[in-house]
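Participant: What follows is a single structure, and I will ask about it in a moment.
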2 protein chains.
Amino acid sequence: MNKSFLEAIGIEYPIIQAPMAGGITTPELVANVSESGGLGMIAAGYLNPNQLKVAIQEVKKRVDKPFGVNIFVPSDFTYSSQHVENMQLMMKSIYDELQLTDYKVKELPKFKDQQAIFEQHLQVILDEGIKVCSFTFGLPTEEQIKQLRQAGVYTIGTATTVREALIIQELGMDAAVMQGSEAGGHRSHFLSSFEEGNIGLIALVPQAVEEIDIPIIAAGGIMNGRGIRACLELGAQAAQMGTAFLALKESGAQNLHKTAILNAAEDELVFTKSFSGKWARGIRNEFTEEMKSNEAMTLPFPIQNTLTQPIRKEAAKQNKAAYMSLWSGQAPRLATNVDVTTLMDRLIKELN
Amino acid sequence: MNKSFLEAIGIEYPIIQAPMAGGITTPELVANVSESGGLGMIAAGYLNPNQLKVAIQEVKKRVDKPFGVNIFVPSDFTYSSQHVENMQLMMKSIYDELQLTDYKVKELPKFKDQQAIFEQHLQVILDEGIKVCSFTFGLPTEEQIKQLRQAGVYTIGTATTVREALIIQELGMDAAVMQGSEAGGHRSHFLSSFEEGNIGLIALVPQAVEEIDIPIIAAGGIMNGRGIRACLELGAQAAQMGTAFLALKESGAQNLHKTAILNAAEDELVFTKSFSGKWARGIRNEFTEEMKSNEAMTLPFPIQNTLTQPIRKEAAKQNKAAYMSLWSGQAPRLATNVDVTTLMDRLIKELN
């Protein structure tokens with residue numbers, strides 16, 4: 001195993017806890033992963049800049065080792081109010097099912113606000129002296145990357161194809177996460193299409209290794225020592241694992257979500273963009289099935305996400321996993337509900 | 001690496017040349033793989049029983065080591081003549097493009113004939129004392145498996161999910177090929193749906209290893225030593241490689257097909273069922289794009305396959321890759337056009 005990547009970010013083991021947005025990456029989760037010698041990651045995705053600052057400070061209180069932050073990169077979007085009304089009409093049966101009457105959304109996100117948040121997120125990274133910053137759904141500008149690197153931040157882009165990884169390298173970033181088709185949650189393609197960027201790690205990593213000089217981090221469906229060792233053999237320098245950490249005790253995922261993963265099999269997962277407007281993999285449920293035929297009418301991210309928020313919130317309140325987003329990678333059979341230290345100890349033992 | 005599987009079939013290295021139907025697995029290809037210490041496989045798929053017998057005898061003339069045969073398992077199908085006419089109408093613009101006037105098909109395949117061929121294929125396996133027989137698109141009966149095993153044939157089923165692999169084990173077969181979502185050519189799901197059975201090897205193999213006791217062979221997107229070593233780390237006992245062998249000198253694939261693979265990137269592949277009626281992965285071309293919107297109207301296999309045969313034949317004659325089926329796995333960037341011995345030597349060296 002090439003040590004240079006681990007040395008560069010200052011961690012002991014090639015294990016990165018994937019940034020999972022939506023309250024999953026609690027300070028305890030992130031800190032305990034870093035304390036065990038891996039890299040914990042805060043998902044800034046749905047946090048405002050102040051929440052991000054607080055989260056970072058909470059992690060710092062708990063651990064003295066490096067941890068990272070992941071930031072969503074916003075893209076512009078358009079839609080009409082008619083389109084919003086149509087979608088709400090399509091979701092009528094779900095509102096009724098949940099007896100949800102207050103499904104109106106007061107204010108829909110605006111691109112310029114998203115952009116402002118993105119820039120504030122970057123400022124928090126700089127202010128807090130964060131060591132590792134990764135990006136999802138797109139890339140910062142060359143200027144922003146330069147600024148981060150000059151401040152000593154290790155910058156990581158997320159790619160779904162070799163073509164995308166080449167852009168990450170050309171922009172001067174330090175490393176690329178290659179997101180395999182196995183991954184749970186959102187797809188992170190930004191240049192390739194969803195269909196083009198749906199490549200299994202066994203095929204994706206060895207091709208990337210031939211074309212890319214910067215370190216490659218493999219992500220998607222990796223759950224245990226077997227998966228990590230396989231990724232290292234493929235040429236990756238670390239494995240980024242989401243679902244493996246999602247069901248752990250310290251994870252902030254809802255209990256229904258954890259239980260759903262712990263009970264799921266490999267053939268119960270679907271791709272849907274009905275929750276957020278971006279393609280993502282989760283456990284098939286009533287929501288994904290009922291919305292399937294409306295998929296083409298989905299509004300862009302983050303509008304669709306905002307529109308489905310009342311449903312997801314109410315479903316969680318009523319303990320109805322049927323209408324929640326149950327993100328999971330393709331190997332839920334291997335998920336466990338232990339604590340971070342127990343999982344990390346097991347992974348480290350399996351690494352040898 | 002667990003030696004028991006290699007010892008059971010009597011080969012030296014955990015490398016299986018995938019059976020690729022349609023004239024690709026020439027006696028030279030199969031014999032040279034086995035001669036190099038891997039397992040060559042004849043694809044019986046589109047061969048009649050006599051052609052299979054001849055192919056087997058040609059391989060035997062060339063090599064004294066074990067090789068295998070793969071057989072398609074037929075399933076019943078229904079369609080109407082109206083449905084056939086509609087499909088031919090949809091393909092009208094392609095007939096015109098190729099100036100193909102003689103596109104009428106004299107006789108369409110019948111299930112009972114397919115079944116008879118399947119049974120004759122099994123008889124050839126027994127008569128010729130074949131050591132390894134794998135199955136695609138389904139499974140033989142328990143009775144047939146028993147008969148083969150009593151005759152000393154090592155039987156291998158093909159699965160796309162753990163659920164399918166469990167059936168293979170319950171039926172008493174010796175091993176299971178786990179076909180990852182990375183694979184080129186036809187998907188081999190038989191119980192799970194196409195969508196359910198589309199799982200990357202990094203996620204699929206470690207889950208299968210936990211649930212299945214019989215040896216697992218990993219297939220899909222494996223092109224070099226990195227891929228093979230990764231599969232062994234995941235818990236597989238061998239890697240089955242298709243595209244890596246398809247573009248080699250001894251392969252019987254059409255030159256246009258080889259060239260297309262050698263020039264393709266990871267993001268130029270699509271799933272289509274327009275060629276054969278079954279989902280398969282190949283390089284995107286005019287045919288896959290033009291037929292995309294008609295995909296829901298595709299006839300069942302092997303009817304659709306027979307209907308598109310005049311197009312594929314004429315396209316090959318006219319050197320038009322645009323209308324040929326260009327099957328490929330997800331790592332075409334790693335394909336080479338050397339001969340079998342050169343590739344096998346390289347793989348064996350990379351294994352250590």
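Ordered as shown in the structure tokens, chains take letters A, B, and onward, while each chain numbers its residues from 1 and ligands are numbered from 1 in the order shown.
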So that I can check the surroundings of Gly200 of chain A, please list as a PyMOL selection string every protein, DNA and RNA residue that reaches within 6 Å of it, counting only C-alpha atoms and ignoring chain neighbours fewer than 6 positions away.
Facilitator: (chain A and resi 180-181) or (chain B and resi 182+200)
Participant: For segment 120-137 of chain A, list every protein, DNA or RNA residue within 10 Å, evaluated using only C-alpha atoms, and leave out those in the same chain fewer than 6 positions away; present the list as a PyMOL selection string.
Facilitator: chain A and resi 8-10+19+39-45+47-50+52-53+56-57+60+65-75+114+144-145+147-149+151-159+173-177+186-191+278
Participant: Considering only C-alpha atoms, can you say which of A:Leu351, A:Ile11, A:Ala321, A:Ile167 comes closest to chain B?
Facilitator: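 Smallest separation from chain B among the options: A:Leu351.
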Participant: Between A:Thr101, A:Asn337, A:Gln115, A:Ser192, which is the closest to chain B once you count only C-alpha atoms?
Facilitator: A:Ser192
Participant: One decimal, Å: what's the distance from atom CA of Ile94 of chain B over to atom CA of Ala264 of chain B, could you say?
Facilitator: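 Rounded to one decimal, the two atoms are 23.2 Å apart.
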Participant: In segment 176-282 of chain B, what's strand (DSSP E or B) per DSSP? Answer as a list of chain:residue names?
Facilitator: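 Reading the DSSP output for segment 176-282 of chain B, strand (DSSP E or B) covers B:Ala176, B:Val177, B:Met178, B:Gln179, B:Gly185, B:His186, B:Ile216, B:Ile217, B:Ala218, B:Ala219, B:Ala238, B:Ala239, B:Gln240, B:Met241, B:Leu269, B:Val270, B:Phe271, B:Thr272, B:Ala280, B:Arg281, B:Gly282.
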Participant: Can I get the selected residues back with N, CA and C atoms, as a tab-separated table (two decimals), in the first residue's frame?
Facilitator:
chain	number	residue	atom	x	y	z
B	176	ALA	N	-20.75	-21.26	-8.07
B	176	ALA	CA	-21.59	-20.20	-8.64
B	176	ALA	C	-20.72	-19.09	-9.20
B	177	VAL	N	-20.98	-18.74	-10.46
B	177	VAL	CA	-20.42	-17.50	-11.00
B	177	VAL	C	-21.30	-16.38	-10.50
B	178	MET	N	-20.71	-15.38	-9.82
B	178	MET	CA	-21.46	-14.18	-9.45
B	178	MET	C	-21.18	-13.16	-10.54
B	179	GLN	N	-22.20	-12.84	-11.33
B	179	GLN	CA	-22.03	-11.87	-12.41
B	179	GLN	C	-22.28	-10.46	-11.87
B	185	GLY	N	-21.98	-7.89	-22.28
B	185	GLY	CA	-22.88	-8.90	-22.83
B	185	GLY	C	-24.12	-9.10	-21.97
B	186	HIS	N	-24.70	-10.30	-22.10
B	186	HIS	CA	-26.00	-10.55	-21.48
B	186	HIS	C	-25.97	-10.66	-19.96
B	216	ILE	N	-17.17	-19.49	-5.12
B	216	ILE	CA	-17.71	-18.39	-5.90
B	216	ILE	C	-16.68	-17.92	-6.92
B	217	ILE	N	-17.15	-17.72	-8.15
B	217	ILE	CA	-16.32	-17.19	-9.21
B	217	ILE	C	-16.84	-15.79	-9.53
B	218	ALA	N	-15.95	-14.80	-9.52
B	218	ALA	CA	-16.39	-13.43	-9.78
B	218	ALA	C	-16.28	-13.13	-11.28
B	219	ALA	N	-17.30	-12.46	-11.83
B	219	ALA	CA	-17.28	-12.11	-13.25
B	219	ALA	C	-17.79	-10.69	-13.44
B	238	ALA	N	-11.96	-17.60	-8.06
B	238	ALA	CA	-11.42	-17.39	-9.41
B	238	ALA	C	-12.12	-16.19	-10.03
B	239	ALA	N	-11.51	-15.65	-11.08
B	239	ALA	CA	-12.09	-14.55	-11.83
B	239	ALA	C	-12.42	-15.03	-13.23
B	240	GLN	N	-13.63	-14.73	-13.69
B	240	GLN	CA	-14.02	-15.07	-15.07
B	240	GLN	C	-13.99	-13.80	-15.89
B	241	MET	N	-13.21	-13.80	-16.97
B	241	MET	CA	-12.96	-12.58	-17.72
B	241	MET	C	-13.40	-12.72	-19.17
B	269	LEU	N	-20.68	2.95	-22.57
B	269	LEU	CA	-21.40	1.68	-22.58
B	269	LEU	C	-22.85	1.89	-22.18
B	270	VAL	N	-23.72	1.07	-22.74
B	270	VAL	CA	-25.15	1.16	-22.39
B	270	VAL	C	-25.72	-0.24	-22.20
B	271	PHE	N	-26.81	-0.31	-21.45
B	271	PHE	CA	-27.61	-1.52	-21.39
B	271	PHE	C	-28.67	-1.41	-22.48
B	272	THR	N	-28.87	-2.49	-23.21
B	272	THR	CA	-29.91	-2.52	-24.23
B	272	THR	C	-30.52	-3.91	-24.26
B	280	ALA	N	-28.42	-6.56	-22.09
B	280	ALA	CA	-27.00	-6.83	-22.28
B	280	ALA	C	-26.27	-5.50	-22.37
B	281	ARG	N	-24.98	-5.52	-21.98
B	281	ARG	CA	-24.19	-4.28	-22.05
B	281	ARG	C	-23.26	-4.29	-23.25
B	282	GLY	N	-23.28	-3.17	-23.96
B	282	GLY	CA	-22.38	-3.03	-25.09
B	282	GLY	C	-22.05	-1.56	-25.32
Participant: What's the separation between atom CA of Gln309 of chain B and atom CA of Gly138 of chain B, in Å to one decimal place?
Facilitator: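 Going from atom CA of Gln309 of chain B over to atom CA of Gly138 of chain B, I get 23.2 Å.
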Participant: Atom CA of Ser328 of chain B and atom CA of Lys110 of chain B are how many Å apart?
Facilitator: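 Between these atoms lies a distance of 28.6 Å.
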Participant: When the cut-off is 9 Å and we count only C-alpha atoms, which residues of chain A are near chain B, given as a compact mmCIF listing (two decimals) with N, CA and C atoms, in the first residue's frame?
Facilitator:
# COMPACT_ATOMS: atom_id res chain seq x y z
N THR A 161 -16.59 8.85 -13.27
CA THR A 161 -15.95 8.32 -14.48
C THR A 161 -14.49 8.79 -14.51
N VAL A 162 -13.70 8.13 -15.34
CA VAL A 162 -12.30 8.55 -15.52
C VAL A 162 -12.28 9.97 -16.06
N ARG A 163 -13.20 10.24 -17.00
CA ARG A 163 -13.31 11.57 -17.59
C ARG A 163 -13.46 12.65 -16.51
N GLY A 180 -18.09 4.38 -7.07
CA GLY A 180 -18.56 3.25 -7.86
C GLY A 180 -20.07 3.18 -7.89
N SER A 181 -20.60 2.40 -8.84
CA SER A 181 -22.05 2.25 -8.97
C SER A 181 -22.67 1.61 -7.74
N GLU A 182 -21.84 1.00 -6.89
CA GLU A 182 -22.35 0.30 -5.70
C GLU A 182 -22.82 1.24 -4.60
N SER A 192 -20.29 13.67 -16.60
CA SER A 192 -20.90 12.49 -17.19
C SER A 192 -22.37 12.47 -16.78
N SER A 193 -23.18 11.71 -17.55
CA SER A 193 -24.58 11.56 -17.17
C SER A 193 -24.70 10.50 -16.09
N GLU A 195 -26.33 7.72 -16.30
CA GLU A 195 -26.13 6.41 -16.91
C GLU A 195 -24.64 6.15 -17.18
N GLU A 196 -23.96 7.16 -17.70
CA GLU A 196 -22.53 6.98 -18.02
C GLU A 196 -21.71 6.73 -16.76
N GLY A 197 -22.10 7.42 -15.68
CA GLY A 197 -21.29 7.37 -14.46
C GLY A 197 -21.77 6.33 -13.48
N ASN A 198 -22.09 5.17 -13.98
CA ASN A 198 -22.65 4.13 -13.12
C ASN A 198 -21.78 2.88 -13.26
N ILE A 199 -20.55 2.99 -12.81
CA ILE A 199 -19.53 1.99 -13.12
C ILE A 199 -19.05 1.31 -11.84
N GLY A 200 -19.02 -0.01 -11.86
CA GLY A 200 -18.57 -0.75 -10.68
C GLY A 200 -17.10 -0.51 -10.38
N LEU A 201 -16.75 -0.52 -9.10
CA LEU A 201 -15.37 -0.20 -8.68
C LEU A 201 -14.33 -1.11 -9.31
N ILE A 202 -14.68 -2.38 -9.49
CA ILE A 202 -13.73 -3.34 -10.06
C ILE A 202 -13.29 -2.88 -11.46
N ALA A 203 -14.21 -2.23 -12.17
CA ALA A 203 -13.89 -1.72 -13.50
C ALA A 203 -13.37 -0.28 -13.44
N LEU A 204 -13.93 0.50 -12.51
CA LEU A 204 -13.64 1.94 -12.48
C LEU A 204 -12.24 2.26 -11.96
N PRO A 206 -9.30 0.43 -11.59
CA PRO A 206 -8.10 0.12 -12.39
C PRO A 206 -7.98 0.98 -13.65
N GLN A 207 -9.09 1.41 -14.20
CA GLN A 207 -9.02 2.31 -15.36
C GLN A 207 -8.55 3.69 -14.92
N GLU A 210 -4.80 3.94 -14.29
CA GLU A 210 -3.97 4.04 -15.50
C GLU A 210 -3.90 5.47 -16.03
N GLY A 220 -18.10 3.02 -2.42
CA GLY A 220 -19.27 2.33 -2.93
C GLY A 220 -19.32 0.86 -2.55
N GLY A 221 -20.23 0.49 -1.66
CA GLY A 221 -20.46 -0.92 -1.36
C GLY A 221 -19.37 -1.60 -0.55
N ILE A 222 -18.44 -0.81 0.00
CA ILE A 222 -17.33 -1.38 0.78
C ILE A 222 -17.78 -1.47 2.24
N MET A 223 -17.75 -2.66 2.82
CA MET A 223 -18.33 -2.84 4.15
C MET A 223 -17.38 -3.48 5.15
N ASN A 224 -16.36 -4.18 4.66
CA ASN A 224 -15.50 -4.91 5.60
C ASN A 224 -14.08 -4.99 5.05
N GLY A 225 -13.24 -5.74 5.77
CA GLY A 225 -11.85 -5.87 5.37
C GLY A 225 -11.68 -6.38 3.95
N ARG A 226 -12.52 -7.33 3.55
CA ARG A 226 -12.46 -7.85 2.18
C ARG A 226 -12.56 -6.71 1.18
N GLY A 227 -13.56 -5.85 1.39
CA GLY A 227 -13.79 -4.75 0.46
C GLY A 227 -12.63 -3.77 0.44
N ILE A 228 -12.12 -3.43 1.62
CA ILE A 228 -11.00 -2.48 1.69
C ILE A 228 -9.78 -3.07 1.00
N ARG A 229 -9.46 -4.31 1.32
CA ARG A 229 -8.28 -4.95 0.71
C ARG A 229 -8.44 -5.02 -0.80
N ALA A 230 -9.65 -5.31 -1.26
CA ALA A 230 -9.89 -5.37 -2.70
C ALA A 230 -9.62 -4.01 -3.34
N CYS A 231 -10.08 -2.95 -2.70
CA CYS A 231 -9.87 -1.60 -3.25
C CYS A 231 -8.38 -1.26 -3.32
N LEU A 232 -7.63 -1.65 -2.31
CA LEU A 232 -6.19 -1.39 -2.32
C LEU A 232 -5.54 -2.17 -3.46
N GLU A 233 -5.98 -3.41 -3.68
CA GLU A 233 -5.44 -4.20 -4.79
C GLU A 233 -5.76 -3.55 -6.13
N LEU A 234 -6.93 -2.94 -6.22
CA LEU A 234 -7.33 -2.28 -7.48
C LEU A 234 -6.47 -1.06 -7.76
N GLY A 235 -5.82 -0.55 -6.73
CA GLY A 235 -4.95 0.61 -6.93
C GLY A 235 -5.38 1.85 -6.17
N ALA A 265 -31.70 -6.78 2.05
CA ALA A 265 -30.84 -7.65 1.25
C ALA A 265 -30.35 -6.88 0.03
N GLU A 266 -29.39 -7.47 -0.67
CA GLU A 266 -28.73 -6.79 -1.78
C GLU A 266 -29.67 -6.48 -2.94
N ASP A 267 -30.80 -7.19 -3.03
CA ASP A 267 -31.67 -7.02 -4.19
C ASP A 267 -32.90 -6.17 -3.88
N GLU A 268 -32.84 -5.40 -2.79
CA GLU A 268 -34.00 -4.57 -2.42
C GLU A 268 -33.73 -3.10 -2.62
N LEU A 269 -32.68 -2.78 -3.37
CA LEU A 269 -32.28 -1.38 -3.53
C LEU A 269 -32.70 -0.85 -4.89
N VAL A 270 -33.02 0.43 -4.94
CA VAL A 270 -33.41 1.04 -6.20
C VAL A 270 -32.74 2.41 -6.34
N GLY A 329 -25.99 1.61 0.36
CA GLY A 329 -25.18 1.01 -0.69
C GLY A 329 -25.63 -0.41 -0.98
N GLN A 330 -24.93 -1.08 -1.90
CA GLN A 330 -25.41 -2.37 -2.39
C GLN A 330 -25.09 -3.57 -1.49
N ALA A 331 -24.48 -3.33 -0.34
CA ALA A 331 -24.16 -4.48 0.51
C ALA A 331 -24.75 -4.36 1.92
N PRO A 332 -26.06 -4.10 2.02
CA PRO A 332 -26.66 -3.92 3.35
C PRO A 332 -26.59 -5.18 4.21
N ARG A 333 -26.46 -6.36 3.58
CA ARG A 333 -26.37 -7.59 4.38
C ARG A 333 -25.18 -7.56 5.33
N LEU A 334 -24.18 -6.71 5.04
CA LEU A 334 -22.97 -6.68 5.86
C LEU A 334 -22.97 -5.55 6.89
Participant: Near Ser325 of chain A, within 9 Å and counting only C-alpha atoms, which residues show up once chain neighbours fewer than 5 positions away are dropped, as a ChimeraX atom specification?
Facilitator: /A:185,257,275,282-283,285,287-288,312
Participant: Determine, counting only C-alpha atoms, which protein, DNA and RNA residues have an atom within 10 Å of an atom of Glu58 of chain A; residues of the same chain fewer than 2 positions away are not included. Present the result as a compact mmCIF listing (two decimals) with C-alpha atoms, in the first residue's frame.
Facilitator:
# COMPACT_ATOMS: atom_id res chain seq x y z
CA THR A 26 -22.65 13.45 14.41
CA PRO A 27 -19.57 14.84 16.16
CA GLU A 28 -19.34 11.49 18.03
CA VAL A 30 -16.71 11.72 13.11
CA ALA A 31 -14.49 12.04 16.19
CA LEU A 52 -21.09 23.67 10.23
CA LYS A 53 -18.90 25.79 12.49
CA VAL A 54 -20.56 24.36 15.58
CA ALA A 55 -20.21 20.80 14.27
CA ILE A 56 -16.51 21.33 13.58
CA LYS A 60 -12.43 19.33 17.81
CA LYS A 61 -13.49 19.06 21.45
CA ARG A 62 -13.54 15.29 21.10
CA VAL A 63 -10.48 14.49 19.01
Participant: Can you check which residues of segment 51-114 of chain A DSSP gives as alpha helix (DSSP H) on the backbone and send them as a PyMOL selection string?
Facilitator: chain A and resi 51-62+81-90+92-97+111-114
Participant: Would you pick out the contacts of Ser36 of chain A at 9 Å or less, using only C-alpha atoms, so that residues sharing its chain but fewer than 3 positions from it are not included, and give the list as a short mmCIF file (atom, residue, chain, number, x, y, z; two decimals) with C-alpha atoms, in the first residue's frame?
Facilitator:
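The resulting part_10.cif:
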data_model
loop_
_atom_site.label_atom_id
_atom_site.label_comp_id
_atom_site.auth_asym_id
_atom_site.auth_seq_id
_atom_site.Cartn_x
_atom_site.Cartn_y
_atom_site.Cartn_z
CA GLU A 12 -3.08 5.72 10.16
CA TYR A 13 -5.45 3.46 8.20
CA ALA A 31 -14.49 12.04 16.19
CA ASN A 32 -14.53 8.33 17.00
CA VAL A 33 -13.56 7.37 13.44
CA LEU A 39 -10.68 9.81 8.70
CA VAL A 340 -17.35 2.95 15.92
CA THR A 341 -14.45 1.55 17.94
CA MET A 344 -12.79 0.11 13.35
CA ASP A 345 -10.98 -2.53 15.42
#
Participant: Env of Lys249 of chain B: 10 Å cut, atoms = only C-alpha atoms, seq-sep filter 4 positions within chain, self excluded. Answer as an MDAnalysis selection string.
Facilitator: chainID B and resid 28:29 245 253 255 258 336:340
Participant: So which residues touch Lys273 of chain A within 10 Å, counting only C-alpha atoms, skipping near sequence neighbours fewer than 6 positions away, as a list in words?
Facilitator: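 Result of the neighbour search: His186, Arg187, Trp279, Ala280, Arg281, Thr288, Met291, Lys292, Asn294, Glu295, Ala296, Met297, Thr298, Leu299, Pro300, Phe301, Gln304 and Asn305 of chain A.
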